[in-house]
Amino acid sequence: MWGCIPEISRDCIDMTNAGSTYLGIIIGAIIGAIISWWIYNRQKKISDEQDNLLSHIKDLEDNELILQEWNIIKKNMRNF
């Protein structure tokens, strides 16, 4: 059988270089997938935290504008 991996099958012609190559490709793909998932997960978590922070900043800015308007109204009422 061409390209058999002696580490997996018994009746195999000694092709350890090919077997090592296939095994290395498979392990590399698995490690790459795990690292890609980890990076995606971290970026999504950071992005969610940033969105939450921006939402809080927007709320604070809205409250600041309301407070400024309230102070203008109070000032106008005092001058009236």
# chains A, B, ... in the order shown; residues from 1 in each chain; ligands from 1
call {"tool": "select_by_dssp", "arguments": {"residues": "chain A", "states": "alpha helix (DSSP H)", "output": "MDAnalysis selection string"}}
result
chainID A and resid 16:79
call {"tool": "atom_distance", "arguments": {"atom1": "atom CA of A:Ile57", "atom2": "atom CA of A:Lys45"}}
result
18.5 Å
call {"tool": "atom_distance", "arguments": {"atom1": "atom CA of A:Ser9", "atom2": "atom CA of A:Thr21"}}
result
15.6 Å
